[in-house]
$ cat start_15.txt   # compact mmCIF, C-alpha atoms
# COMPACT_ATOMS: atom_id res chain seq x y z
CA MET O 1 134.12 83.56 88.55
CA LYS O 2 132.47 85.88 91.07
CA ILE O 3 130.03 83.12 91.98
CA ALA O 4 132.90 80.70 92.62
CA VAL O 5 134.53 83.12 95.04
CA VAL O 6 131.29 83.66 96.91
CA LYS O 7 130.66 79.91 97.07
CA ASN O 8 134.12 79.29 98.54
CA ILE O 9 133.55 81.95 101.18
CA LEU O 10 130.22 80.39 102.15
CA GLU O 11 131.67 76.86 102.29
CA ALA O 12 134.60 77.99 104.42
CA ASN O 13 132.17 79.76 106.71
CA ASP O 14 129.91 76.70 107.01
CA ARG O 15 132.88 74.63 108.18
CA ILE O 16 133.80 77.13 110.90
CA ALA O 17 130.16 77.47 111.94
CA GLN O 18 129.97 73.68 112.32
CA GLU O 19 133.02 73.71 114.59
CA ASN O 20 131.47 76.49 116.67
CA ARG O 21 128.24 74.53 116.93
CA ALA O 22 130.10 71.39 118.11
CA LEU O 23 131.72 73.38 120.91
CA PHE O 24 128.38 74.88 121.94
CA ASP O 25 126.75 71.42 121.91
CA GLU O 26 129.50 69.90 124.06
CA ASN O 27 128.83 72.56 126.66
CA GLY O 28 125.03 72.40 126.42
CA VAL O 29 124.80 76.05 125.34
CA THR O 30 121.78 77.04 123.23
CA VAL O 31 122.75 79.65 120.64
CA MET O 32 120.22 81.98 119.01
CA ASN O 33 121.14 84.12 116.00
CA LEU O 34 118.87 87.20 116.21
CA MET O 35 118.33 89.18 113.00
CA SER O 36 116.21 92.04 111.62
CA SER O 37 116.27 95.32 109.71
CA PRO O 38 117.90 98.26 111.48
CA GLY O 39 115.65 99.59 114.22
CA ALA O 40 113.15 96.71 114.33
CA GLY O 41 113.89 96.19 118.03
CA LYS O 42 116.60 93.54 118.44
CA THR O 43 118.33 95.22 121.38
CA SER O 44 115.03 96.20 123.04
CA LEU O 45 113.82 92.59 122.81
CA LEU O 46 117.13 91.41 124.26
CA GLU O 47 116.91 93.81 127.19
CA LYS O 48 113.40 92.60 128.04
CA THR O 49 114.34 88.95 127.54
CA ILE O 50 117.45 89.16 129.71
CA GLN O 51 115.49 90.88 132.47
CA ALA O 52 112.86 88.13 132.40
CA LEU O 53 115.17 85.13 132.11
CA LYS O 54 118.30 85.96 134.05
CA GLY O 55 116.92 84.54 137.32
CA ASP O 56 116.39 81.15 135.65
CA LEU O 57 119.15 80.96 133.05
CA THR O 58 122.79 82.00 132.66
CA LEU O 59 123.00 84.27 129.63
CA GLY O 60 125.64 85.76 127.37
CA VAL O 61 125.41 88.14 124.40
CA ILE O 62 127.48 88.88 121.30
CA GLU O 63 126.64 92.24 119.72
CA GLY O 64 127.34 92.72 116.02
CA ASP O 65 127.54 96.22 114.57
CA ILE O 66 129.43 97.81 111.73
CA GLN O 67 130.60 100.49 114.10
CA SER O 68 129.90 101.80 117.65
CA SER O 69 129.42 99.93 120.91
CA LYS O 70 126.03 101.43 121.78
CA ASP O 71 124.22 98.09 121.89
CA ALA O 72 126.88 96.36 123.99
CA GLU O 73 126.74 99.26 126.46
CA ARG O 74 122.97 98.78 126.79
CA ILE O 75 123.40 95.06 127.46
CA ALA O 76 126.36 95.50 129.82
CA ARG O 77 124.11 97.54 132.13
CA MET O 78 122.17 94.34 132.76
CA ASP O 79 125.21 92.73 134.31
CA ILE O 80 125.69 89.78 131.97
CA PRO O 81 128.76 88.99 129.84
CA VAL O 82 128.65 90.80 126.49
CA VAL O 83 131.16 91.15 123.63
CA GLN O 84 130.87 93.79 120.90
CA ILE O 85 132.04 92.82 117.42
CA ASN O 86 132.63 95.76 115.09
CA THR O 87 132.61 94.38 111.56
CA GLY O 88 134.22 97.48 109.98
CA GLY O 89 132.28 97.51 106.74
CA ALA O 90 130.88 93.99 106.72
CA CYS O 91 127.11 93.72 106.60
CA HIS O 92 126.78 90.47 108.59
CA LEU O 93 128.49 88.33 111.23
CA ASP O 94 130.24 85.11 110.22
CA GLY O 95 131.54 82.03 111.98
CA ASN O 96 135.07 83.33 112.32
CA MET O 97 134.01 86.56 114.03
CA ILE O 98 132.06 84.51 116.58
CA ARG O 99 135.02 82.22 117.18
CA ASP O 100 137.20 85.25 117.93
CA THR O 101 135.01 86.02 120.98
CA PHE O 102 135.41 82.58 122.60
CA GLY O 103 138.07 83.74 125.06
CA GLU O 104 135.52 86.10 126.61
CA PHE O 105 132.95 83.48 127.68
CA ASN O 106 132.89 80.55 130.08
CA PHE O 107 130.72 78.19 128.07
CA GLU O 108 130.50 75.57 130.82
CA GLU O 109 128.43 78.00 132.86
CA LEU O 110 126.32 79.38 130.00
CA ASP O 111 122.76 78.24 129.17
CA LEU O 112 121.91 80.67 126.37
CA LEU O 113 124.13 82.72 124.08
CA VAL O 114 122.35 85.32 121.95
CA VAL O 115 124.12 86.61 118.85
CA GLU O 116 122.61 89.94 117.82
CA ASN O 117 123.48 90.26 114.16
CA VAL O 118 124.07 93.43 112.10
CA GLY O 119 120.76 95.15 111.25
CA ASN O 120 120.13 93.86 107.74
CA LEU O 121 117.32 91.78 106.27
CA VAL O 122 119.54 90.31 103.53
CA CYS O 123 123.11 89.14 104.09
CA PRO O 124 123.03 87.78 107.68
CA ALA O 125 120.64 85.03 106.51
CA GLU O 126 123.40 83.59 104.30
CA PHE O 127 126.09 83.19 106.97
CA LYS O 128 125.77 80.60 109.74
CA VAL O 129 127.58 81.43 112.96
CA GLY O 130 127.11 78.06 114.72
CA GLU O 131 123.61 78.78 116.02
CA ASP O 132 120.96 76.24 117.05
CA PHE O 133 118.31 78.41 115.43
CA LYS O 134 117.73 81.79 113.84
CA ALA O 135 115.08 84.20 115.15
CA MET O 136 114.02 87.29 113.23
CA ILE O 137 112.06 90.39 114.12
CA LEU O 138 109.80 92.25 111.70
CA SER O 139 108.23 95.44 112.98
CA VAL O 140 104.71 96.29 111.81
CA THR O 141 106.03 99.62 110.48
CA GLU O 142 107.96 97.71 107.80
CA GLY O 143 104.89 96.41 105.98
CA GLU O 144 103.28 93.16 104.81
CA ASP O 145 105.34 92.87 101.61
CA LYS O 146 108.64 92.09 103.34
CA PRO O 147 108.46 88.25 103.29
CA ALA O 148 108.01 88.28 99.49
CA LYS O 149 110.84 90.79 99.06
CA TYR O 150 113.35 89.25 101.50
CA PRO O 151 112.45 85.55 101.29
CA LEU O 152 115.75 84.00 102.42
CA MET O 153 115.59 85.62 105.85
CA PHE O 154 112.07 84.30 106.44
CA HIS O 155 113.00 80.92 104.99
CA GLU O 156 116.05 80.44 107.24
CA SER O 157 114.44 81.65 110.47
CA SER O 158 112.69 79.28 112.88
CA VAL O 159 111.01 82.10 114.77
CA LEU O 160 109.36 85.33 113.65
CA LEU O 161 108.65 88.01 116.24
CA ILE O 162 106.20 90.60 114.92
CA ASN O 163 107.18 93.67 116.98
CA LYS O 164 105.73 97.15 117.64
CA THR O 165 102.14 95.89 117.65
CA ASP O 166 101.33 99.02 119.71
CA LEU O 167 101.78 101.00 116.44
CA LEU O 168 99.17 98.97 114.50
CA PRO O 169 96.47 101.65 114.78
CA TYR O 170 98.76 104.14 113.01
CA VAL O 171 100.15 102.10 110.09
CA ASP O 172 98.76 100.47 106.94
CA CYS O 173 99.71 96.96 107.95
CA THR O 174 98.01 94.07 109.74
CA VAL O 175 99.41 91.19 111.75
CA GLU O 176 97.20 88.84 109.72
CA GLY O 177 98.77 90.14 106.51
CA ILE O 178 102.30 89.61 107.80
CA ARG O 179 101.43 86.11 109.07
CA GLU O 180 99.92 85.10 105.76
CA GLU O 181 102.86 86.36 103.67
CA ALA O 182 105.48 84.93 106.05
CA LEU O 183 103.87 81.47 106.17
CA LYS O 184 103.79 81.37 102.36
CA ILE O 185 107.60 81.53 102.44
CA ASN O 186 108.07 79.30 105.50
CA PRO O 187 105.09 77.31 106.81
CA HIS O 188 107.14 76.10 109.83
CA LEU O 189 107.69 79.55 111.35
CA VAL O 190 106.83 79.89 115.04
CA ILE O 191 105.26 83.36 115.27
CA PHE O 192 104.93 85.69 118.26
CA GLU O 193 103.12 89.04 118.24
CA ILE O 194 104.86 91.39 120.65
CA SER O 195 105.38 94.96 121.70
CA CYS O 196 108.68 95.59 123.45
CA ARG O 197 107.31 98.99 124.41
CA THR O 198 104.15 97.81 126.24
CA GLY O 199 105.31 94.26 127.03
CA ASP O 200 102.34 92.73 125.21
CA GLY O 201 102.90 89.15 124.09
CA LEU O 202 106.34 88.77 125.63
CA GLU O 203 105.39 86.13 128.24
CA ALA O 204 104.65 83.55 125.53
CA TRP O 205 108.04 84.30 123.94
CA TYR O 206 109.90 83.90 127.27
CA ASP O 207 108.16 80.56 127.92
CA TRP O 208 108.98 79.23 124.48
CA LEU O 209 112.63 80.27 124.75
CA LYS O 210 113.06 78.77 128.21
CA GLN O 211 111.65 75.47 126.95
CA GLU O 212 114.05 75.47 123.99
CA VAL O 213 117.04 76.01 126.28
CA ARG O 214 115.95 73.34 128.75
CA ALA O 215 115.29 70.79 126.03
CA ARG O 216 118.88 71.21 124.77
CA LYS O 217 120.32 71.09 128.29
CA LYS O 218 118.73 67.67 128.88
CA ALA O 219 119.62 66.26 125.45
CA MET U 1 143.11 87.83 99.90
CA LYS U 2 139.42 88.41 100.56
CA ILE U 3 140.06 92.16 100.78
CA ALA U 4 141.80 92.12 97.38
CA VAL U 5 138.82 90.44 95.75
CA VAL U 6 136.41 92.93 97.26
CA LYS U 7 138.60 95.84 96.16
CA ASN U 8 138.69 94.55 92.58
CA ILE U 9 134.92 94.22 92.50
CA LEU U 10 134.49 97.78 93.77
CA GLU U 11 137.00 99.18 91.26
CA ALA U 12 135.36 97.38 88.34
CA ASN U 13 132.02 98.70 89.50
CA ASP U 14 133.30 102.27 89.79
CA ARG U 15 134.45 102.14 86.16
CA ILE U 16 131.05 100.96 84.93
CA ALA U 17 129.27 103.52 87.11
CA GLN U 18 131.42 106.27 85.55
CA GLU U 19 130.42 105.15 82.06
CA ASN U 20 126.76 105.16 83.09
CA ARG U 21 127.17 108.63 84.53
CA ALA U 22 128.74 109.92 81.30
CA LEU U 23 125.77 108.66 79.31
CA PHE U 24 123.31 110.27 81.74
CA ASP U 25 125.24 113.57 81.60
CA GLU U 26 125.26 113.61 77.79
CA ASN U 27 121.49 113.32 77.85
CA GLY U 28 120.93 115.81 80.67
CA VAL U 29 119.31 113.17 82.89
CA THR U 30 119.53 113.65 86.64
CA VAL U 31 119.92 110.32 88.43
CA MET U 32 119.04 109.82 92.08
CA ASN U 33 120.02 106.65 93.97
CA LEU U 34 117.38 106.21 96.70
CA MET U 35 118.30 104.03 99.66
CA SER U 36 116.98 103.01 103.09
CA SER U 37 116.24 100.10 105.40
CA PRO U 38 113.40 97.79 104.36
CA GLY U 39 110.06 99.45 104.96
CA ALA U 40 111.30 103.00 105.59
CA GLY U 41 109.12 104.31 102.77
CA LYS U 42 111.13 104.44 99.53
CA THR U 43 108.28 103.37 97.26
CA SER U 44 105.73 105.52 99.09
CA LEU U 45 107.97 108.56 98.70
CA LEU U 46 108.41 107.73 95.03
CA GLU U 47 104.66 107.47 94.45
CA LYS U 48 104.07 110.87 96.04
CA THR U 49 107.02 112.45 94.23
CA ILE U 50 105.98 111.12 90.82
CA GLN U 51 102.42 112.37 91.37
CA ALA U 52 103.69 115.84 92.24
CA LEU U 53 106.38 116.15 89.56
CA LYS U 54 105.10 114.35 86.52
CA GLY U 55 103.36 117.44 85.14
CA ASP U 56 106.67 119.34 85.14
CA LEU U 57 109.28 116.65 84.52
CA THR U 58 109.68 113.45 82.50
CA LEU U 59 110.43 110.66 84.95
CA GLY U 60 111.68 107.08 84.88
CA VAL U 61 112.24 104.53 87.65
CA ILE U 62 114.45 101.49 88.18
CA GLU U 63 113.22 99.25 91.01
CA GLY U 64 115.75 97.03 92.77
CA ASP U 65 114.58 94.05 94.82
CA ILE U 66 116.04 90.68 95.66
CA GLN U 67 112.80 89.11 94.50
CA SER U 68 109.22 90.09 93.52
CA SER U 69 107.96 92.88 91.28
CA LYS U 70 105.60 94.44 93.84
CA ASP U 71 107.30 97.83 93.79
CA ALA U 72 107.48 98.06 90.00
CA GLU U 73 103.77 97.24 89.83
CA ARG U 74 103.02 100.11 92.22
CA ILE U 75 105.06 102.52 90.08
CA ALA U 76 103.69 101.22 86.75
CA ARG U 77 100.19 102.27 87.88
CA MET U 78 101.41 105.87 87.68
CA ASP U 79 102.00 105.55 83.97
CA ILE U 80 105.73 106.24 83.80
CA PRO U 81 108.47 103.91 82.47
CA VAL U 82 109.69 101.50 85.15
CA VAL U 83 112.07 98.54 85.08
CA GLN U 84 112.28 95.94 87.85
CA ILE U 85 115.70 94.46 88.61
CA ASN U 86 115.60 91.23 90.65
CA THR U 87 119.07 90.78 92.12
CA GLY U 88 118.56 87.11 93.02
CA GLY U 89 120.46 87.06 96.29
CA ALA U 90 122.46 90.26 95.96
CA CYS U 91 121.91 92.85 98.66
CA HIS U 92 122.49 95.95 96.51
CA LEU U 93 122.36 97.27 92.94
CA ASP U 94 125.56 97.84 90.99
CA GLY U 95 126.58 99.68 87.84
CA ASN U 96 126.24 96.66 85.60
CA MET U 97 122.67 95.92 86.65
CA ILE U 98 121.72 99.50 85.82
CA ARG U 99 123.43 99.31 82.44
CA ASP U 100 121.38 96.20 81.62
CA THR U 101 118.19 98.31 81.78
CA PHE U 102 119.35 100.92 79.25
CA GLY U 103 117.38 99.41 76.38
CA GLU U 104 114.15 100.14 78.26
CA PHE U 105 114.53 103.93 78.50
CA ASN U 106 114.66 106.82 76.05
CA PHE U 107 117.21 108.98 77.85
CA GLU U 108 116.88 111.90 75.44
CA GLU U 109 113.37 112.45 76.73
CA LEU U 110 114.08 111.81 80.42
CA ASP U 111 114.65 114.55 83.03
CA LEU U 112 114.91 112.44 86.19
CA LEU U 113 115.72 108.76 86.66
CA VAL U 114 115.18 107.41 90.16
CA VAL U 115 116.98 104.21 91.14
CA GLU U 116 115.23 102.61 94.12
CA ASN U 117 117.88 100.40 95.67
CA VAL U 118 117.44 97.17 97.65
CA GLY U 119 116.22 97.86 101.19
CA ASN U 120 119.48 97.75 103.14
CA LEU U 121 121.28 100.37 105.21
CA VAL U 122 124.72 98.82 104.57
CA CYS U 123 125.85 97.48 101.20
CA PRO U 124 124.11 99.82 98.71
CA ALA U 125 126.24 102.70 100.04
CA GLU U 126 129.39 100.98 98.70
CA PHE U 127 128.29 100.53 95.09
CA LYS U 128 127.89 103.49 92.75
CA VAL U 129 125.40 103.03 89.94
CA GLY U 130 126.20 106.21 87.99
CA GLU U 131 124.03 108.53 90.08
CA ASP U 132 124.36 112.29 90.43
CA PHE U 133 123.54 112.00 94.11
CA LYS U 134 122.38 109.57 96.75
CA ALA U 135 119.28 110.23 98.87
CA MET U 136 118.44 108.16 101.93
CA ILE U 137 115.34 107.77 104.06
CA LEU U 138 115.39 107.06 107.78
CA SER U 139 112.05 106.52 109.44
CA VAL U 140 111.57 107.78 113.00
CA THR U 141 110.66 104.24 114.09
CA GLU U 142 114.27 103.20 113.46
CA GLY U 143 115.78 105.33 116.23
CA GLU U 144 118.39 108.02 116.79
CA ASP U 145 121.35 105.63 117.00
CA LYS U 146 121.33 104.68 113.31
CA PRO U 147 123.83 107.28 111.97
CA ALA U 148 126.48 106.07 114.45
CA LYS U 149 125.77 102.43 113.62
CA TYR U 150 125.55 102.74 109.80
CA PRO U 151 127.90 105.67 109.14
CA LEU U 152 128.81 104.97 105.50
CA MET U 153 125.21 105.35 104.30
CA PHE U 154 124.88 108.73 106.02
CA HIS U 155 128.34 109.77 104.85
CA GLU U 156 127.68 108.97 101.18
CA SER U 157 124.20 110.50 100.99
CA SER U 158 123.60 114.11 99.98
CA VAL U 159 120.03 114.11 101.23
CA LEU U 160 118.40 112.63 104.33
CA LEU U 161 114.61 112.36 104.41
CA ILE U 162 113.35 111.74 107.95
CA ASN U 163 110.07 109.90 107.28
CA LYS U 164 107.00 108.84 109.29
CA THR U 165 107.03 112.01 111.41
CA ASP U 166 103.32 111.27 112.04
CA LEU U 167 104.50 108.44 114.34
CA LEU U 168 106.67 110.70 116.52
CA PRO U 169 104.13 110.82 119.38
CA TYR U 170 104.29 107.02 119.69
CA VAL U 171 108.04 106.30 119.54
CA ASP U 172 111.11 107.05 121.71
CA CYS U 173 112.86 109.11 119.07
CA THR U 174 113.07 112.80 118.18
CA VAL U 175 113.78 114.56 114.92
CA GLU U 176 116.32 116.72 116.76
CA GLY U 177 118.14 113.60 117.95
CA ILE U 178 118.32 112.16 114.44
CA ARG U 179 119.49 115.50 112.99
CA GLU U 180 122.23 115.85 115.58
CA GLU U 181 123.55 112.30 115.10
CA ALA U 182 123.33 112.46 111.30
CA LEU U 183 125.14 115.80 111.05
CA LYS U 184 127.95 114.44 113.22
CA ILE U 185 128.63 111.88 110.47
CA ASN U 186 127.95 114.23 107.53
CA PRO U 187 127.65 117.99 108.17
CA HIS U 188 126.69 118.61 104.51
CA LEU U 189 123.44 116.59 104.60
CA VAL U 190 120.36 118.36 103.26
CA ILE U 191 117.61 117.22 105.62
CA PHE U 192 113.83 117.07 105.07
CA GLU U 193 111.28 116.06 107.70
CA ILE U 194 108.37 114.33 105.98
CA SER U 195 105.40 112.07 106.40
CA CYS U 196 104.43 110.21 103.25
CA ARG U 197 101.23 109.24 105.03
CA THR U 198 99.98 112.76 105.82
CA GLY U 199 101.96 114.66 103.15
CA ASP U 200 103.64 116.87 105.76
CA GLY U 201 106.90 118.41 104.59
CA LEU U 202 106.77 117.02 101.06
CA GLU U 203 106.40 120.38 99.26
CA ALA U 204 109.89 121.48 100.31
CA TRP U 205 111.29 118.17 99.04
CA TYR U 206 109.55 118.51 95.66
CA ASP U 207 110.87 122.07 95.25
CA TRP U 208 114.42 121.06 96.08
CA LEU U 209 114.33 118.10 93.68
CA LYS U 210 112.90 120.16 90.82
CA GLN U 211 115.67 122.73 91.29
CA GLU U 212 118.33 120.02 91.21
CA VAL U 213 116.97 118.60 87.96
CA ARG U 214 116.65 122.02 86.30
CA ALA U 215 120.18 123.04 87.32
CA ARG U 216 121.57 119.94 85.59
CA LYS U 217 119.42 120.47 82.55
CA LYS U 218 120.86 123.94 82.01
CA ALA U 219 124.45 122.95 82.75
$ encode --input "start_15.txt" --output "structure tokens"
Amino acid sequence: MKIAVVKNILEANDRIAQENRALFDENGVTVMNLMSSPGAGKTSLLEKTIQALKGDLTLGVIEGDIQSSKDAERIARMDIPVVQINTGGACHLDGNMIRDTFGEFNFEELDLLVVENVGNLVCPAEFKVGEDFKAMILSVTEGEDKPAKYPLMFHESSVLLINKTDLLPYVDCTVEGIREEALKINPHLVIFEISCRTGDGLEAWYDWLKQEVRARKKA
Amino acid sequence: MKIAVVKNILEANDRIAQENRALFDENGVTVMNLMSSPGAGKTSLLEKTIQALKGDLTLGVIEGDIQSSKDAERIARMDIPVVQINTGGACHLDGNMIRDTFGEFNFEELDLLVVENVGNLVCPAEFKVGEDFKAMILSVTEGEDKPAKYPLMFHESSVLLINKTDLLPYVDCTVEGIREEALKINPHLVIFEISCRTGDGLEAWYDWLKQEVRARKKA
């Protein structure tokens, strides 16, 4: 009985996500659904990425949080359109919440829309929002066992950004260990090793993202 | 409609959690529900705490994970009874899952049962399992904005352990900042500053926990 309810919710969400995706495709907007545990560095990565790309691309951001508008305030300082969704208690964004923001964007002018999901390594992986691809961040402080313990998130993501590499000397965790465990769950993951604090490794990420956006613009 | 379903699930869970709690009370077992983001240090804290307390108290552990038995294996090495719950996809433990483990413990002999919840700063706060109190860990790598962004977890917890204080020199976060933000949400929080890596601050935590267990034993 409980399973049936959950299945209906997921199916209804998939339908709305598909409609969102069709609208994004019509307008040539690339949509990235960005996910991680709380505090892994989603907003910091976004700030760096916006700074690097906003000369070349037209960007927009949707911020998902249970409460507060702290993240949207950080992004708004960078002078690009941003909408804050407060989910109340909900632990993830869904297709309908994204649709509710559509009045706030001019999709014809947008190249890349980033959806920063609620900080949670579990539930956001189950709910499509209409994205072209999912990207996830794992910080090295979280440990090498996370892919085995939260497999769906690693399975659904196309990109894994291993963040806070500047802290590697101080934690019992290696990038090699994370890579190995993550690729066991999803051998197709594109992996970047980055530090939002020092900037290490971010150029390769910017280049990859720009290529993704341009490929969709042409298609 | 969706809200009604969720409310029914929570009410049914509260009833089961109450029954669990009654059984624990009858047997004088203190039950702690331990929660945090993935990788904040729940299992590390448990290992240290078991090591320090197992001469004085009889302990048991329930490990909650979506998948894998890595944490239960770590605890089993310490030679105390441990049960692994794999939730499948579920992002939290509930009263029923805890009840399903009852055959594995001898509650008459137990002083303290620790329930290590699924790594998630959102959903576990909504579901009682029959605990006497909730304790949460926030690591300093997660940042000062977390209480404002995940208020229910901080509101429901009696204890906040600020972990990984050894990393403070390398992150943009202060213990004072976390304290201030956390106490805004819940002025009654008992706060410990700890490093499971160096052992700093753990003695005060052990003393507090032993007192809590003994107070319930006498009552």
$ residues_around --input "start_15.txt" --residues "range 204-219 of chain O" --least-positions-apart "4" --cutoff "8 Å" --atoms "only C-alpha atoms" --output "list in words"
Gly28, Val29, Thr30, Thr49, Ala52, Leu53, Asp111, Leu112 and Phe192 of chain O
$ write_last_selection --input "start_15.txt" --atoms "C-alpha atoms" --output "mmCIF file, keeping the file's coordinate frame"
data_model
loop_
_atom_site.group_PDB
_atom_site.id
_atom_site.type_symbol
_atom_site.label_atom_id
_atom_site.label_comp_id
_atom_site.auth_asym_id
_atom_site.auth_seq_id
_atom_site.Cartn_x
_atom_site.Cartn_y
_atom_site.Cartn_z
ATOM 1 C CA GLY O 28 125.030 72.400 126.420
ATOM 2 C CA VAL O 29 124.800 76.050 125.340
ATOM 3 C CA THR O 30 121.780 77.040 123.230
ATOM 4 C CA THR O 49 114.340 88.950 127.540
ATOM 5 C CA ALA O 52 112.860 88.130 132.400
ATOM 6 C CA LEU O 53 115.170 85.130 132.110
ATOM 7 C CA ASP O 111 122.760 78.240 129.170
ATOM 8 C CA LEU O 112 121.910 80.670 126.370
ATOM 9 C CA PHE O 192 104.930 85.690 118.260
#
$ interface_residues --input "start_15.txt" --of "chain O" --to "chain U" --cutoff "7 Å" --atoms "only C-alpha atoms" --output "list in words"
Ser37, Pro38, Gly39, Ala40, Asp65, Ile66, Gln67, Ser68, Cys91, Asn120, Val122, Cys123, Thr141, Glu142, Gly143, Ala148, Lys149 and Tyr150 of chain O
$ closest_residue --input "start_15.txt" --among "U:Val83, U:Ala182, U:Ile194, U:Met153" --to "Asp100 in chain U" --atoms "all atoms listed in the file"
U:Val83
$ atom_distance --input "start_15.txt" --atom1 "CA of Arg99 in chain O" --atom2 "CA of Leu160 in chain O"
26.1 Å
